[in-house]
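> Structure supplied as upload.cif; contents: mmCIF, C-alpha atoms.
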```cif
data_data
loop_
_atom_site.group_PDB
_atom_site.id
_atom_site.type_symbol
_atom_site.label_atom_id
_atom_site.label_comp_id
_atom_site.auth_asym_id
_atom_site.auth_seq_id
_atom_site.Cartn_x
_atom_site.Cartn_y
_atom_site.Cartn_z
ATOM 1 C CA MET G 1 -18.063 -20.327 -7.666
ATOM 2 C CA PRO G 2 -19.340 -20.457 -4.070
ATOM 3 C CA THR G 3 -21.049 -17.312 -2.810
ATOM 4 C CA ILE G 4 -22.804 -16.681 0.461
ATOM 5 C CA THR G 5 -24.787 -13.993 2.170
ATOM 6 C CA ALA G 6 -24.025 -13.479 5.830
ATOM 7 C CA GLN G 7 -25.202 -11.569 8.865
ATOM 8 C CA ILE G 8 -22.207 -10.201 10.771
ATOM 9 C CA PRO G 9 -22.791 -9.216 14.418
ATOM 10 C CA THR G 10 -21.658 -5.686 15.275
ATOM 11 C CA PRO G 11 -22.166 -3.508 18.358
ATOM 12 C CA ASP G 12 -25.021 -1.799 16.463
ATOM 13 C CA GLY G 13 -26.802 -4.847 15.054
ATOM 14 C CA GLN G 14 -26.375 -7.284 12.186
ATOM 15 C CA ALA G 15 -24.490 -6.192 9.069
ATOM 16 C CA ASP G 16 -25.553 -8.030 5.944
ATOM 17 C CA ALA G 17 -22.715 -8.991 3.610
ATOM 18 C CA PHE G 18 -21.914 -10.867 0.420
ATOM 19 C CA ALA G 19 -18.891 -13.127 -0.003
ATOM 20 C CA ALA G 20 -17.397 -14.884 -3.013
ATOM 21 C CA PHE G 21 -14.513 -17.349 -2.961
ATOM 22 C CA PRO G 22 -13.015 -20.171 -5.037
ATOM 23 C CA GLU G 23 -13.539 -23.844 -4.358
ATOM 24 C CA GLY G 24 -11.115 -25.459 -1.956
ATOM 25 C CA GLY G 25 -8.878 -23.234 0.050
ATOM 26 C CA PRO G 26 -8.063 -21.707 2.341
ATOM 27 C CA HIS G 27 -7.559 -18.425 0.450
ATOM 28 C CA PRO G 28 -6.180 -14.966 1.275
ATOM 29 C CA ALA G 29 -8.936 -12.566 2.273
ATOM 30 C CA VAL G 30 -9.960 -9.235 0.773
ATOM 31 C CA LEU G 31 -12.370 -6.864 2.501
ATOM 32 C CA LEU G 32 -14.047 -4.786 -0.220
ATOM 33 C CA TYR G 33 -15.820 -1.559 0.748
ATOM 34 C CA PRO G 34 -18.368 -0.281 -1.817
ATOM 35 C CA ASP G 35 -18.838 3.240 -3.094
ATOM 36 C CA ALA G 36 -21.590 5.508 -1.791
ATOM 37 C CA PHE G 37 -24.268 3.758 -3.872
ATOM 38 C CA GLY G 38 -23.712 0.732 -1.633
ATOM 39 C CA PRO G 39 -23.551 -3.013 -2.319
ATOM 40 C CA ARG G 40 -25.387 -3.967 -5.507
ATOM 41 C CA PRO G 41 -25.035 -6.337 -8.454
ATOM 42 C CA VAL G 42 -22.035 -4.581 -10.021
ATOM 43 C CA LEU G 43 -20.086 -4.856 -6.742
ATOM 44 C CA TRP G 44 -21.031 -8.508 -6.343
ATOM 45 C CA LYS G 45 -19.829 -9.137 -9.912
ATOM 46 C CA MET G 46 -16.527 -7.417 -9.112
ATOM 47 C CA ALA G 47 -16.191 -9.576 -5.995
ATOM 48 C CA ARG G 48 -16.681 -12.705 -8.096
ATOM 49 C CA GLU G 49 -14.072 -11.518 -10.574
ATOM 50 C CA LEU G 50 -11.593 -10.937 -7.771
ATOM 51 C CA ALA G 51 -12.449 -14.328 -6.265
ATOM 52 C CA ASP G 52 -11.692 -15.890 -9.655
ATOM 53 C CA ASN G 53 -8.108 -14.822 -8.998
ATOM 54 C CA GLY G 54 -7.871 -16.840 -5.794
ATOM 55 C CA TYR G 55 -9.231 -14.602 -3.026
ATOM 56 C CA TYR G 56 -12.014 -14.802 -0.455
ATOM 57 C CA VAL G 57 -13.813 -11.480 -0.987
ATOM 58 C CA LEU G 58 -16.207 -9.953 1.546
ATOM 59 C CA VAL G 59 -18.476 -7.060 0.513
ATOM 60 C CA PRO G 60 -20.202 -5.653 3.614
ATOM 61 C CA ASN G 61 -23.175 -3.332 3.677
ATOM 62 C CA VAL G 62 -21.877 -0.405 5.725
ATOM 63 C CA PHE G 63 -25.364 1.151 5.627
ATOM 64 C CA TYR G 64 -26.929 -1.828 7.438
ATOM 65 C CA ARG G 65 -28.110 0.507 10.206
ATOM 66 C CA HIS G 66 -30.538 1.888 7.618
ATOM 67 C CA ARG G 67 -31.572 -1.197 5.624
ATOM 68 C CA ALA G 68 -30.234 -4.332 3.980
ATOM 69 C CA ALA G 69 -28.593 -4.210 0.565
ATOM 70 C CA PRO G 70 -29.355 -3.009 -1.994
ATOM 71 C CA VAL G 71 -29.874 0.020 0.219
ATOM 72 C CA PHE G 72 -31.107 2.459 -2.418
ATOM 73 C CA ASP G 73 -33.615 2.164 -5.234
ATOM 74 C CA LEU G 74 -31.100 2.572 -8.031
ATOM 75 C CA PRO G 75 -31.751 2.572 -11.768
ATOM 76 C CA GLU G 76 -30.165 -0.227 -13.748
ATOM 77 C CA HIS G 77 -27.743 2.350 -15.165
ATOM 78 C CA ILE G 78 -26.946 5.488 -13.166
ATOM 79 C CA THR G 79 -26.680 8.617 -15.307
ATOM 80 C CA ALA G 80 -25.527 12.122 -14.469
ATOM 81 C CA GLU G 81 -29.183 13.157 -14.432
ATOM 82 C CA ASP G 82 -29.963 10.540 -11.773
ATOM 83 C CA ARG G 83 -27.269 11.661 -9.361
ATOM 84 C CA PRO G 84 -28.778 14.807 -7.739
ATOM 85 C CA ALA G 85 -31.904 13.029 -6.508
ATOM 86 C CA LEU G 86 -29.970 9.935 -5.477
ATOM 87 C CA PHE G 87 -27.398 11.884 -3.509
ATOM 88 C CA GLY G 88 -30.156 13.711 -1.691
ATOM 89 C CA GLU G 89 -30.983 10.312 -0.201
ATOM 90 C CA ILE G 90 -27.439 8.964 0.026
ATOM 91 C CA MET G 91 -25.507 11.834 1.614
ATOM 92 C CA PRO G 92 -27.275 11.757 5.019
ATOM 93 C CA LEU G 93 -26.241 8.114 5.365
ATOM 94 C CA VAL G 94 -22.672 8.877 4.272
ATOM 95 C CA GLN G 95 -22.443 11.712 6.789
ATOM 96 C CA ALA G 96 -23.855 9.499 9.542
ATOM 97 C CA HIS G 97 -21.169 6.876 8.895
ATOM 98 C CA THR G 98 -18.620 8.385 11.254
ATOM 99 C CA ALA G 99 -15.035 7.293 11.847
ATOM 100 C CA GLU G 100 -16.208 5.703 15.095
ATOM 101 C CA ARG G 101 -18.810 3.609 13.256
ATOM 102 C CA THR G 102 -16.245 2.691 10.613
ATOM 103 C CA LEU G 103 -13.841 1.296 13.192
ATOM 104 C CA LEU G 104 -16.529 -0.606 15.087
ATOM 105 C CA ASP G 105 -17.638 -2.228 11.862
ATOM 106 C CA ALA G 106 -14.094 -2.920 10.681
ATOM 107 C CA GLU G 107 -13.407 -4.913 13.831
ATOM 108 C CA ALA G 108 -16.496 -7.023 13.138
ATOM 109 C CA PHE G 109 -15.718 -7.527 9.436
ATOM 110 C CA LEU G 110 -12.107 -8.555 10.089
ATOM 111 C CA GLY G 111 -13.272 -10.855 12.872
ATOM 112 C CA PHE G 112 -15.755 -12.505 10.522
ATOM 113 C CA LEU G 113 -13.021 -13.131 7.955
ATOM 114 C CA GLY G 114 -10.777 -14.623 10.600
ATOM 115 C CA ASP G 115 -13.503 -17.099 11.560
ATOM 116 C CA GLN G 116 -14.150 -18.487 8.068
ATOM 117 C CA PRO G 117 -12.642 -21.908 7.317
ATOM 118 C CA GLU G 118 -12.154 -20.868 3.672
ATOM 119 C CA VAL G 119 -9.924 -17.952 4.736
ATOM 120 C CA ARG G 120 -6.215 -18.517 5.114
ATOM 121 C CA PRO G 121 -4.792 -17.342 8.448
ATOM 122 C CA GLY G 122 -2.619 -14.261 8.193
ATOM 123 C CA PRO G 123 -2.850 -10.723 6.888
ATOM 124 C CA VAL G 124 -5.651 -9.493 4.650
ATOM 125 C CA ALA G 125 -6.108 -6.758 2.064
ATOM 126 C CA VAL G 126 -8.647 -3.951 2.331
ATOM 127 C CA ILE G 127 -9.846 -2.119 -0.759
ATOM 128 C CA GLY G 128 -12.468 0.515 -1.393
ATOM 129 C CA TYR G 129 -14.134 2.660 -4.004
ATOM 130 C CA CYS G 130 -15.158 6.315 -3.534
ATOM 131 C CA MET G 131 -16.196 6.591 0.135
ATOM 132 C CA GLY G 132 -15.053 2.982 0.487
ATOM 133 C CA ALA G 133 -11.469 4.103 -0.052
ATOM 134 C CA VAL G 134 -11.759 6.254 3.074
ATOM 135 C CA LEU G 135 -13.132 3.284 5.013
ATOM 136 C CA ALA G 136 -10.323 1.101 3.680
ATOM 137 C CA MET G 137 -7.660 3.556 4.795
ATOM 138 C CA ARG G 138 -9.228 3.898 8.250
ATOM 139 C CA THR G 139 -9.377 0.101 8.577
ATOM 140 C CA ALA G 140 -5.760 -0.353 7.496
ATOM 141 C CA THR G 141 -4.386 2.318 9.826
ATOM 142 C CA ALA G 142 -6.385 0.958 12.774
ATOM 143 C CA HIS G 143 -5.235 -2.638 12.187
ATOM 144 C CA PRO G 144 -1.591 -2.506 11.092
ATOM 145 C CA GLY G 145 -0.967 -6.051 12.280
ATOM 146 C CA LYS G 146 -3.805 -7.487 10.184
ATOM 147 C CA VAL G 147 -3.789 -5.492 6.942
ATOM 148 C CA ALA G 148 -0.953 -6.065 4.470
ATOM 149 C CA ALA G 149 -2.370 -4.126 1.523
ATOM 150 C CA VAL G 150 -4.782 -1.246 1.051
ATOM 151 C CA ALA G 151 -6.096 0.118 -2.233
ATOM 152 C CA GLY G 152 -8.449 2.975 -2.962
ATOM 153 C CA PHE G 153 -9.924 3.839 -6.350
ATOM 154 C CA HIS G 154 -11.487 7.210 -7.221
ATOM 155 C CA PRO G 155 -11.273 7.858 -3.465
ATOM 156 C CA GLY G 156 -13.353 10.143 -1.322
ATOM 157 C CA ALA G 157 -11.786 12.756 0.933
ATOM 158 C CA LEU G 158 -8.533 11.250 2.220
ATOM 159 C CA VAL G 159 -7.026 14.644 3.045
ATOM 160 C CA THR G 160 -9.138 17.106 5.019
ATOM 161 C CA ASP G 161 -8.661 19.696 7.756
ATOM 162 C CA ALA G 162 -10.436 17.495 10.306
ATOM 163 C CA PRO G 163 -8.422 16.176 13.254
ATOM 164 C CA ASP G 164 -9.405 12.623 12.265
ATOM 165 C CA SER G 165 -8.661 13.034 8.560
ATOM 166 C CA PRO G 166 -7.550 9.675 7.136
ATOM 167 C CA HIS G 167 -4.157 11.031 6.131
ATOM 168 C CA ARG G 168 -3.442 11.988 9.749
ATOM 169 C CA GLN G 169 -3.687 8.309 10.737
ATOM 170 C CA ILE G 170 -1.012 7.190 8.266
ATOM 171 C CA PRO G 171 1.797 7.132 10.884
ATOM 172 C CA SER G 172 0.171 3.884 12.121
ATOM 173 C CA LEU G 173 0.103 2.332 8.650
ATOM 174 C CA THR G 174 2.232 -0.675 7.709
ATOM 175 C CA ALA G 175 0.339 -1.897 4.620
ATOM 176 C CA GLN G 176 1.443 -1.456 1.022
ATOM 177 C CA VAL G 177 -0.777 1.130 -0.683
ATOM 178 C CA HIS G 178 -2.113 1.913 -4.124
ATOM 179 C CA LEU G 179 -4.347 4.891 -4.856
ATOM 180 C CA GLY G 180 -5.898 5.032 -8.318
ATOM 181 C CA LEU G 181 -7.235 8.519 -8.947
ATOM 182 C CA ALA G 182 -9.500 10.025 -11.549
ATOM 183 C CA GLU G 183 -8.137 13.235 -12.971
ATOM 184 C CA ASN G 184 -10.003 15.545 -10.582
ATOM 185 C CA ASP G 185 -10.217 13.374 -7.450
ATOM 186 C CA MET G 186 -7.489 15.159 -5.467
ATOM 187 C CA THR G 187 -5.770 18.509 -5.791
ATOM 188 C CA PRO G 188 -2.015 18.561 -6.386
ATOM 189 C CA GLU G 189 -1.638 19.919 -2.855
ATOM 190 C CA ALA G 190 -3.616 17.002 -1.375
ATOM 191 C CA ILE G 191 -1.579 14.492 -3.368
ATOM 192 C CA THR G 192 1.610 16.070 -2.073
ATOM 193 C CA GLU G 193 0.347 16.041 1.504
ATOM 194 C CA ILE G 194 -0.712 12.407 1.510
ATOM 195 C CA SER G 195 2.467 11.356 -0.297
ATOM 196 C CA GLN G 196 4.559 13.083 2.359
ATOM 197 C CA ALA G 197 2.589 11.213 5.028
ATOM 198 C CA PHE G 198 3.283 7.891 3.299
ATOM 199 C CA ASP G 199 6.970 8.766 2.991
ATOM 200 C CA ALA G 200 7.178 9.680 6.667
ATOM 201 C CA ALA G 201 5.523 6.380 7.627
ATOM 202 C CA GLY G 202 8.051 4.481 5.539
ATOM 203 C CA VAL G 203 5.457 2.425 3.679
ATOM 204 C CA GLY G 204 5.523 1.408 0.040
ATOM 205 C CA TYR G 205 2.898 3.201 -1.999
ATOM 206 C CA SER G 206 1.856 4.377 -5.424
ATOM 207 C CA CYS G 207 -0.487 7.271 -6.107
ATOM 208 C CA GLU G 208 -1.456 7.306 -9.768
ATOM 209 C CA ILE G 209 -3.791 9.477 -11.813
ATOM 210 C CA TYR G 210 -5.548 7.319 -14.405
ATOM 211 C CA PRO G 211 -5.630 9.401 -17.597
ATOM 212 C CA GLY G 212 -8.937 10.367 -19.134
ATOM 213 C CA THR G 213 -11.031 9.172 -16.206
ATOM 214 C CA VAL G 214 -13.705 10.803 -14.064
ATOM 215 C CA HIS G 215 -14.791 9.960 -10.535
ATOM 216 C CA GLY G 216 -16.417 6.523 -10.467
ATOM 217 C CA PHE G 217 -14.534 5.104 -13.445
ATOM 218 C CA THR G 218 -14.570 1.485 -12.175
ATOM 219 C CA MET G 219 -18.349 1.251 -11.823
ATOM 220 C CA ALA G 220 -19.870 -0.379 -14.903
ATOM 221 C CA ASP G 221 -23.426 0.557 -13.904
ATOM 222 C CA THR G 222 -22.748 4.313 -14.154
ATOM 223 C CA ASP G 223 -21.999 6.875 -16.865
ATOM 224 C CA ALA G 224 -18.609 7.401 -15.216
ATOM 225 C CA PHE G 225 -17.372 3.945 -16.238
ATOM 226 C CA ASP G 226 -14.193 3.938 -18.287
ATOM 227 C CA PRO G 227 -13.100 0.567 -19.733
ATOM 228 C CA ALA G 228 -9.429 1.507 -19.929
ATOM 229 C CA GLY G 229 -9.442 2.931 -16.417
ATOM 230 C CA SER G 230 -11.222 -0.145 -15.098
ATOM 231 C CA GLN G 231 -8.684 -2.438 -16.750
ATOM 232 C CA ARG G 232 -5.810 -0.428 -15.296
ATOM 233 C CA HIS G 233 -7.477 -0.692 -11.873
ATOM 234 C CA TRP G 234 -7.615 -4.505 -12.153
ATOM 235 C CA GLU G 235 -3.976 -4.664 -13.213
ATOM 236 C CA ARG G 236 -2.799 -2.480 -10.334
ATOM 237 C CA LEU G 237 -5.019 -4.241 -7.801
ATOM 238 C CA LEU G 238 -4.014 -7.770 -8.745
ATOM 239 C CA ALA G 239 -0.339 -6.810 -8.752
ATOM 240 C CA LEU G 240 -0.686 -5.333 -5.252
ATOM 241 C CA LEU G 241 -2.504 -8.393 -3.915
ATOM 242 C CA GLY G 242 -0.087 -10.758 -5.574
ATOM 243 C CA SER G 243 2.913 -9.040 -4.010
ATOM 244 C CA THR G 244 1.468 -8.865 -0.500
ATOM 245 C CA LEU G 245 -0.876 -11.840 0.038
ATOM 246 C CA THR G 246 0.391 -14.684 -2.168
#
```
Show this structure as structure tokens.


Amino acid sequence: MPTITAQIPTPDGQADAFAAFPEGGPHPAVLLYPDAFGPRPVLWKMARELADNGYYVLVPNVFYRHRAAPVFDLPEHITAEDRPALFGEIMPLVQAHTAERTLLDAEAFLGFLGDQPEVRPGPVAVIGYCMGAVLAMRTATAHPGKVAAVAGFHPGALVTDAPDSPHRQIPSLTAQVHLGLAENDMTPEAITEISQAFDAAGVGYSCEIYPGTVHGFTMADTDAFDPAGSQRHWERLLALLGSTLT
């Protein structure tokens, strides 16, 4: 399978990125935002798996302002004991990645996809994991004419009190949505609030709690990984993409 690494020009510099895609083409495009641990081998493997199903998959390094991927010195397998020290390093970068930076980068990433000869013209899908789900939702609501599907798995904070909370941008959304939640990712009140926002926007959506899972259940390089939850995530994701892009 063809893969490339790319440098994507943005207003703040060059964002490094990984892309996987099938031979031939052109193919529908998927913009895949990583979790807070950033782009790394497990994400590149997931991109290849998604590409095996007929998609051009771009995995950008949203922390490029700090350093190229892999951004952090991660153990081969991330345990619960590893997390406190890692998040001491990670959280300042997460907090620095503002909504403004997200939208600047999203414009560049979508523009890059539109320029690739292997990418089929037309709408794209945007998906994300953990903090990446927040970035995916911000991208989809800012580009309703370009994004046909958005999916977020074990998402970060989609419902907050902030004026720019992702759920407050949903009136602009036109994409089909799937949210795959671990059991403690969102409170019942937050699920109700975001569901009401989807209903008011008139978009198709599903918001599903994956039983027996904890936050991070799709990531095979962590203790949070859950094989059944990961399989359910692939089933839901491929069904969403198949109904919106192909």

> Could you list, as a PyMOL selection string, every residue matched by the PyMOL selection byres ((chain G and resi 98) around 12) in this structure?

chain G and resi 62-63+92-97+99-105+131+134-135+138+164-166

> Within 7 Å of Val71 of chain G, counting only C-alpha atoms, which residues show up once you throw out same-chain ones fewer than 3 positions away? Write them as a PyMOL selection string, please.

chain G and resi 38+67-68

> Of the candidates G:Val159, G:Ala228, G:Val203, G:Met219, which shows the shortest atom-to-atom distance to Phe37 of chain G, using all atoms listed in the file?

G:Met219

> In terms of the shortest atom-to-atom distance over all atoms listed in the file, which of G:Pro121, G:Pro34, G:Pro26, G:Pro84 is closest to Gly156 of chain G?

G:Pro34

> Please evaluate the PyMOL selection byres ((chain G and resi 35) around 12) against the displayed coordinates and give the resulting residues as a VMD selection string.

chain G and resid 32 to 34 36 to 40 42 to 43 59 to 63 71 90 to 91 94 127 to 136 152 to 156 215 to 219 222

> Any idea what's packed within 8 Å of Thr79 of chain G, counting all atoms listed in the file, ignoring anything in its chain fewer than 3 positions away? Could you give it as a ChimeraX atom specification?

/G:82-83,222-223

> Write out as a VMD selection string which residues come within 7 Å of Gly180 of chain G when counting all atoms listed in the file, dropping same-chain ones fewer than 2 positions away.

chain G and resid 152 to 154 178 182 207 to 210 233

> If you apply the PyMOL selection byres ((chain G and resi 14) around 12) to this file, what residues do you get, as a list in words?

Ala6, Gln7, Ile8, Pro9, Thr10, Pro11, Asp12, Gly13, Ala15, Asp16, Ala17, Pro60, Asn61, Val62, Phe63, Tyr64, Arg65, His66, Arg67, Ala68, Asp105, Ala108, Phe109 and Phe112 of chain G

> Using Å and a single decimal, report how far atom CA of Ala162 of chain G sits from atom CA of Ala197 of chain G.

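That distance, rounded to one decimal, is 15.4 Å.
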
> Please determine, counting only C-alpha atoms, which residue among G:Ile4, G:Val119, G:Ala224, G:Leu110 has the shortest atom-to-atom distance to Gly24 of chain G.

G:Val119

> Separation of atom CA of Leu245 of chain G and atom CA of Pro28 of chain G, in Å?

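About the pair atom CA of Leu245 of chain G and atom CA of Pro28 of chain G: they are 6.3 Å apart.
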
> Would you list the contacts of Gly242 of chain G as a list in words, taking every protein, DNA or RNA residue within 12 Å and counting all atoms listed in the file, but skipping same-chain residues closer than 4 positions in sequence?

Pro28, Ala29, Val30, Leu50, Asn53, Gly54, Tyr55, Val124, Ala125, Ala148, Ala149, Gln176, Trp234, Glu235, Arg236, Leu237, Leu238 and Thr246 of chain G
